Structures are given as C-alpha cells and as structure tokens.
>>> print(open('protein-v2.txt').read())   # compact mmCIF, C-alpha atoms
# COMPACT_ATOMS: atom_id res chain seq x y z
CA GLY A 1 27.33 17.53 -5.38
CA GLU A 2 26.84 14.80 -7.91
CA ASN A 3 23.54 14.25 -9.71
CA VAL A 4 23.06 10.86 -11.35
CA GLU A 5 20.14 10.12 -13.64
CA GLN A 6 19.33 6.62 -14.81
CA HIS A 7 17.05 5.37 -17.61
CA PRO A 8 14.90 3.45 -18.16
CA SER A 9 13.26 2.72 -14.81
CA THR A 10 11.95 -0.60 -16.11
CA LEU A 11 13.14 -2.75 -18.98
CA SER A 12 11.67 -5.97 -20.29
CA VAL A 13 13.55 -8.07 -22.85
CA GLN A 14 13.23 -11.53 -24.33
CA GLU A 15 15.77 -14.11 -23.29
CA GLY A 16 18.78 -13.90 -25.59
CA ASP A 17 18.25 -10.25 -26.47
CA SER A 18 20.50 -7.42 -25.33
CA ALA A 19 19.70 -4.89 -22.63
CA VAL A 20 21.13 -1.40 -22.30
CA ILE A 21 20.82 0.88 -19.28
CA LYS A 22 22.06 4.46 -19.41
CA CYS A 23 23.21 6.94 -16.78
CA THR A 24 24.28 10.55 -16.87
CA TYR A 25 26.26 12.37 -14.21
CA SER A 26 26.91 16.01 -13.47
CA ASP A 27 30.33 16.22 -11.77
CA SER A 28 32.99 16.39 -14.48
CA ALA A 29 35.62 15.48 -11.87
CA SER A 30 34.07 12.04 -11.27
CA ASN A 31 36.52 9.34 -12.26
CA TYR A 32 34.96 6.05 -11.24
CA PHE A 33 31.66 4.54 -12.39
CA PRO A 34 30.41 1.29 -10.87
CA TRP A 35 27.33 -0.74 -11.68
CA TYR A 36 25.50 -2.78 -9.07
CA LYS A 37 22.98 -5.60 -9.37
CA GLN A 38 20.42 -6.08 -6.63
CA GLU A 39 18.41 -9.26 -6.42
CA LEU A 40 15.26 -9.46 -4.36
CA GLY A 41 15.96 -9.38 -0.65
CA LYS A 42 19.69 -8.89 -1.07
CA GLY A 43 22.14 -6.03 -0.90
CA PRO A 44 23.53 -4.55 -4.13
CA GLN A 45 26.49 -6.39 -5.60
CA LEU A 46 29.17 -4.79 -7.73
CA ILE A 47 29.15 -6.37 -11.19
CA ILE A 48 31.43 -4.12 -13.21
CA ASP A 49 33.08 -0.74 -12.98
CA ILE A 50 35.02 1.61 -15.21
CA ARG A 51 37.53 4.33 -14.53
CA SER A 52 37.78 7.53 -16.47
CA ASN A 53 40.97 6.63 -18.30
CA VAL A 54 39.20 4.06 -20.50
CA GLY A 55 36.15 4.21 -22.72
CA GLU A 56 34.95 0.63 -22.51
CA LYS A 57 35.33 -2.41 -20.30
CA LYS A 58 33.98 -5.89 -20.91
CA ASP A 59 33.49 -8.91 -18.69
CA GLN A 60 31.88 -11.86 -20.48
CA ARG A 61 28.29 -10.84 -21.29
CA ILE A 62 28.54 -7.50 -19.49
CA ALA A 63 30.15 -4.33 -20.77
CA VAL A 64 30.25 -0.73 -19.68
CA THR A 65 30.98 2.25 -21.91
CA LEU A 66 31.93 5.74 -20.80
CA ASN A 67 31.66 9.02 -22.65
CA LYS A 68 33.38 11.65 -20.50
CA THR A 69 32.63 14.49 -22.87
CA ALA A 70 28.92 13.84 -22.73
CA LYS A 71 29.09 12.70 -19.08
CA HIS A 72 27.23 9.49 -19.59
CA PHE A 73 27.95 5.81 -19.15
CA SER A 74 26.00 2.71 -20.08
CA LEU A 75 25.65 -0.91 -19.04
CA HIS A 76 25.26 -3.46 -21.82
CA ILE A 77 24.14 -7.02 -21.17
CA THR A 78 24.21 -9.37 -24.14
CA GLU A 79 22.52 -12.76 -24.53
CA THR A 80 20.32 -12.06 -21.53
CA GLN A 81 19.25 -14.92 -19.30
CA PRO A 82 16.45 -15.19 -16.72
CA GLU A 83 18.99 -14.90 -13.91
CA ASP A 84 19.87 -11.43 -15.17
CA SER A 85 16.47 -10.27 -13.91
CA ALA A 86 17.17 -7.83 -11.06
CA VAL A 87 17.42 -4.13 -10.27
CA TYR A 88 20.53 -2.46 -11.61
CA PHE A 89 22.03 0.73 -10.16
CA CYS A 90 24.69 2.99 -11.57
CA ALA A 91 26.74 5.26 -9.33
CA ALA A 92 29.29 8.03 -9.44
CA PRO A 93 31.40 9.63 -6.71
CA SER A 94 30.99 13.24 -5.67
CA ARG A 95 34.10 15.35 -5.55
CA GLY A 96 32.89 17.05 -2.41
CA GLY A 97 31.90 15.42 0.86
CA GLY A 98 34.50 12.71 0.70
CA ASN A 99 33.61 11.35 -2.71
CA LYS A 100 30.58 9.48 -1.51
CA LEU A 101 28.82 7.39 -4.12
CA THR A 102 25.63 8.86 -5.50
CA PHE A 103 23.34 6.26 -7.02
CA GLY A 104 20.91 6.35 -9.88
CA THR A 105 17.29 5.52 -9.19
CA GLY A 106 17.62 1.98 -10.50
CA THR A 107 16.38 -0.05 -13.47
CA GLN A 108 14.17 -3.07 -12.97
CA LEU A 109 15.26 -5.53 -15.66
CA LYS A 110 12.99 -8.45 -16.48
CA VAL A 111 14.17 -11.15 -18.83
CA GLU A 112 11.23 -13.08 -20.19
CA LEU A 113 11.35 -16.64 -21.47
CA GLY B 1 35.69 -10.73 7.73
CA ALA B 2 34.75 -12.08 4.35
CA GLY B 3 32.21 -9.37 3.64
CA VAL B 4 30.16 -6.57 5.14
CA SER B 5 27.99 -7.90 7.92
CA GLN B 6 24.85 -6.19 9.22
CA SER B 7 22.73 -7.03 12.21
CA PRO B 8 19.99 -7.64 12.85
CA SER B 9 18.78 -8.78 9.45
CA ASN B 10 15.22 -7.95 10.41
CA LYS B 11 13.85 -5.68 13.11
CA VAL B 12 10.25 -4.99 14.02
CA THR B 13 9.74 -2.20 16.51
CA GLU B 14 6.90 -0.21 17.93
CA LYS B 15 6.45 3.40 16.96
CA GLY B 16 8.28 5.65 19.39
CA LYS B 17 10.94 3.13 20.38
CA ASP B 18 14.66 3.56 19.67
CA VAL B 19 16.58 1.12 17.47
CA GLU B 20 20.24 0.44 16.83
CA LEU B 21 21.50 -1.06 13.60
CA ARG B 22 24.99 -2.46 13.39
CA CYS B 23 27.48 -2.69 10.54
CA ASP B 24 30.74 -4.63 10.52
CA PRO B 25 32.70 -3.52 7.47
CA ILE B 26 35.33 -5.48 5.62
CA SER B 27 38.50 -5.50 7.70
CA GLY B 28 40.83 -2.66 6.78
CA HIS B 29 38.24 -0.65 4.85
CA THR B 30 38.55 2.99 5.82
CA ALA B 31 35.34 4.30 4.25
CA LEU B 32 31.88 3.29 5.45
CA TYR B 33 28.51 4.37 4.13
CA TRP B 34 24.92 4.06 5.29
CA TYR B 35 22.07 4.12 2.78
CA ARG B 36 18.33 3.76 3.16
CA GLN B 37 16.16 1.95 0.64
CA ARG B 38 12.41 2.19 0.82
CA LEU B 39 10.37 -0.55 -0.81
CA GLY B 40 10.83 -0.48 -4.57
CA GLN B 41 12.93 2.66 -4.40
CA GLY B 42 16.53 3.64 -4.99
CA LEU B 43 19.41 4.08 -2.57
CA GLU B 44 19.19 7.17 -0.38
CA PHE B 45 22.50 8.32 1.09
CA LEU B 46 22.46 8.88 4.84
CA ILE B 47 26.02 9.31 6.15
CA TYR B 48 29.60 8.57 5.23
CA PHE B 49 32.57 7.82 7.50
CA GLN B 50 36.24 8.14 6.72
CA GLY B 51 37.95 6.41 9.61
CA ASN B 52 35.98 7.33 12.72
CA SER B 53 34.91 10.77 11.56
CA ALA B 54 31.91 11.63 9.43
CA PRO B 55 32.74 14.33 6.87
CA ASP B 56 29.31 14.04 5.30
CA LYS B 57 26.14 13.67 7.34
CA SER B 58 24.01 15.52 4.85
CA GLY B 59 21.67 12.61 4.21
CA LEU B 60 20.44 12.08 7.75
CA PRO B 61 16.73 12.90 7.47
CA SER B 62 16.24 14.35 10.94
CA ASP B 63 17.88 14.75 14.33
CA ARG B 64 16.32 11.43 15.34
CA PHE B 65 18.99 9.77 13.23
CA SER B 66 22.59 9.50 14.36
CA ALA B 67 25.55 7.26 13.65
CA GLU B 68 28.94 6.58 15.07
CA ARG B 69 31.95 4.53 14.18
CA THR B 70 34.63 3.30 16.54
CA GLY B 71 38.04 1.73 16.07
CA GLU B 72 37.76 2.47 12.35
CA SER B 73 35.59 -0.61 12.27
CA VAL B 74 32.07 -1.17 13.56
CA SER B 75 29.42 1.45 12.93
CA THR B 76 26.06 1.87 14.62
CA LEU B 77 23.10 3.72 13.15
CA THR B 78 20.62 4.82 15.81
CA ILE B 79 17.08 5.93 15.15
CA GLN B 80 15.31 7.50 18.10
CA ARG B 81 11.56 7.69 18.56
CA THR B 82 10.93 5.65 15.44
CA GLN B 83 8.12 6.61 13.08
CA GLN B 84 6.33 4.50 10.51
CA GLU B 85 8.04 6.36 7.70
CA ASP B 86 11.36 5.03 8.99
CA SER B 87 10.37 1.58 7.75
CA ALA B 88 12.90 0.62 5.09
CA VAL B 89 15.97 -1.48 4.44
CA TYR B 90 19.10 0.13 5.84
CA LEU B 91 22.20 -0.79 3.88
CA CYS B 92 25.81 -0.41 4.90
CA ALA B 93 28.75 -0.41 2.50
CA SER B 94 32.50 -0.16 2.94
CA SER B 95 35.42 0.54 0.66
CA GLY B 96 39.18 0.71 0.91
CA SER B 97 39.17 4.44 0.31
CA THR B 98 36.97 7.03 -1.22
CA GLY B 99 36.47 8.19 -4.73
CA GLY B 100 37.45 5.24 -6.81
CA THR B 101 37.71 1.90 -5.14
CA GLU B 102 34.98 -0.66 -5.01
CA ALA B 103 32.29 -0.35 -2.37
CA PHE B 104 30.81 -3.56 -1.02
CA PHE B 105 27.37 -3.77 0.52
CA GLY B 106 25.99 -5.82 3.36
CA GLN B 107 22.66 -7.61 3.12
CA GLY B 108 20.88 -4.82 4.91
CA THR B 109 18.62 -4.56 7.94
CA ARG B 110 14.92 -4.55 7.18
CA LEU B 111 13.28 -2.24 9.71
CA THR B 112 9.54 -2.31 10.19
CA VAL B 113 7.92 0.22 12.51
CA VAL B 114 4.43 -0.78 13.60
>>> encode(input="protein-v2.txt", output="structure tokens")
Amino acid sequence: GENVEQHPSTLSVQEGDSAVIKCTYSDSASNYFPWYKQELGKGPQLIIDIRSNVGEKKDQRIAVTLNKTAKHFSLHITETQPEDSAVYFCAAPSRGGGNKLTFGTGTQLKVEL
Amino acid sequence: GAGVSQSPSNKVTEKGKDVELRCDPISGHTALYWYRQRLGQGLEFLIYFQGNSAPDKSGLPSDRFSAERTGESVSTLTIQRTQQEDSAVYLCASSGSTGGTEAFFGQGTRLTVV
C-alpha cells in the first residue's frame, strides 16, 4: 500500500511570508496528488491537486510541485494571510485496494500578524 | 445534493451503546470513503466503497465496526458496544471514481462516548 509522510508537523510564519509543506510517497504508480485544508471544526476541503503528467500547478497564491523521480510533492503558499491558518493534509492514492487516498499526518500552519 | 452530507453532526452516547452514522455522498459519485480523526490527529482510513461493495475494509479497527452502502448512495457506519476510545470525528468523502478524481468531504460526525 501507499505510505505518505508529511513535514513539518507544525509551521509558524509571519504574515506575508511564504510557507512550504512537503510530502513523500512510496507507490511509484500513484498519479494524483491532492492537498486539503482543514479549518477548525470543519471537514477537509480540497484546495489544489496535481496529476503526474505535470511538474507544477499554480492557483493564485497556492502552488504545488511534483518530483516523480524523487517521489515527493510540495505545497507552496505565498504572501500568507491569517486566514491561511489551518491544518493542511497531502494525500496520494494506493494502487491496490481500489486506489483509496492515503493521507499525510497533517501540518498545522499558523500565520502570525 | 450540493455536497457530502453527514448526520448527525454531533453524537454523545454512553459506553456500550450502538451508534449509526450516516453519509449522503454527492449524487452520482461511485466511490465513498470513511475516515476517523481523533483530536489533533490525522485522517485514519476505515473503509472504502466502490458502488455498493467494499473492496477495502482494512482500516476497520475491530469487529465492532461495520459499514454498508445501498443504492450506490447512502452509507451507514455502525459502531457496536461503543468504547471511550471510539470518541473521534468520523468523516465521509465521495468521489466520481477512484485513483485520480477529486474527493470531497462532509463536515463529519463528532462522536463522544461517555
């Protein structure tokens, strides 16, 4: 099955700075890599995803990069704002068992004023 | 529906009682997932449905946990003889298919066993 590792577990940045969260995966057949944002008391929400045929995808202040050779992908948030404070999860599908999503352990991002 | 709907949003139950948690996925989504999230922790996979069958039940923690899905729609997660360690948020997600399309989560059911 898939093994997803996520770092760091907590991240504190000043408003306006950039934040980077990194994940590694084990299943070389994985072809889809989503990122979720979870605010307190809510379910995770998909914020961006990338498929294995591209190396980078950007959506306003959020970008995701993928390195298939090294089997890692990263979330980049630029010009951070207080509302970016949340827990972020990466995920990757497992080839076996119906391609269920395996999640990283999460990163608690705090954007300080 | 507009999104994944879970009910109840909160459930407090006494130790030893059975509980049923319900998930209404997005209409037409064939894949449905249940995850458990303990306080301050990550997402723990429980079970996955493709249509009405469950090809992967590997995450169910014990035989007290079971789930079913009918009509390729609603799913129910049942916990029998609840224990305090079952206290967590139970999240349901659905997607159009497996292995590459977006999965959308409900708000979760917060279960507290007292």
>>> residues_around(input="protein-v2.txt", residues="Glu15 (chain A)", least_positions_apart="6", cutoff="6 Å", atoms="only C-alpha atoms", output="VMD selection string")
chain A and resid 80 to 81 111 to 113
>>> interface_residues(input="protein-v2.txt", of="chain A", to="chain B", cutoff="8 Å", atoms="all atoms listed in the file", output="PyMOL selection string")
chain A and resi 30-32+34+41-46+51+93-95+97-106
>>> atom_distance(input="protein-v2.txt", atom1="CA of Leu21 (chain B)", atom2="CA of Thr78 (chain B)")
6.3 Å
>>> residues_around(input="protein-v2.txt", residues="Asn52 (chain B)", least_positions_apart="6", cutoff="8 Å", atoms="only C-alpha atoms", output="MDAnalysis selection string")
chainID B and resid 68:73
>>> residues_around(input="protein-v2.txt", residues="Thr69 (chain A)", least_positions_apart="3", cutoff="10 Å", atoms="all atoms listed in the file", output="ChimeraX atom specification")
/A:28,66,72
>>> atom_distance(input="protein-v2.txt", atom1="CA of Gln83 (chain B)", atom2="CA of Leu111 (chain B)")
10.8 Å
>>> closest_residue(input="protein-v2.txt", among="A:Lys57, A:His76, A:Lys37, A:Lys68", to="Gln108 (chain A)", atoms="only C-alpha atoms")
A:Lys37
>>> closest_residue(input="protein-v2.txt", among="B:Ser53, B:Thr82, B:Ser5, B:Ser62", to="Glu20 (chain B)", atoms="only C-alpha atoms")
B:Thr82
>>> atom_distance(input="protein-v2.txt", atom1="CA of Tyr25 (chain A)", atom2="CA of His7 (chain A)")
12.1 Å
>>> closest_residue(input="protein-v2.txt", among="B:Thr30, B:Thr112, B:Glu14, B:Leu46", to="Gly59 (chain B)", atoms="all atoms listed in the file")
B:Leu46
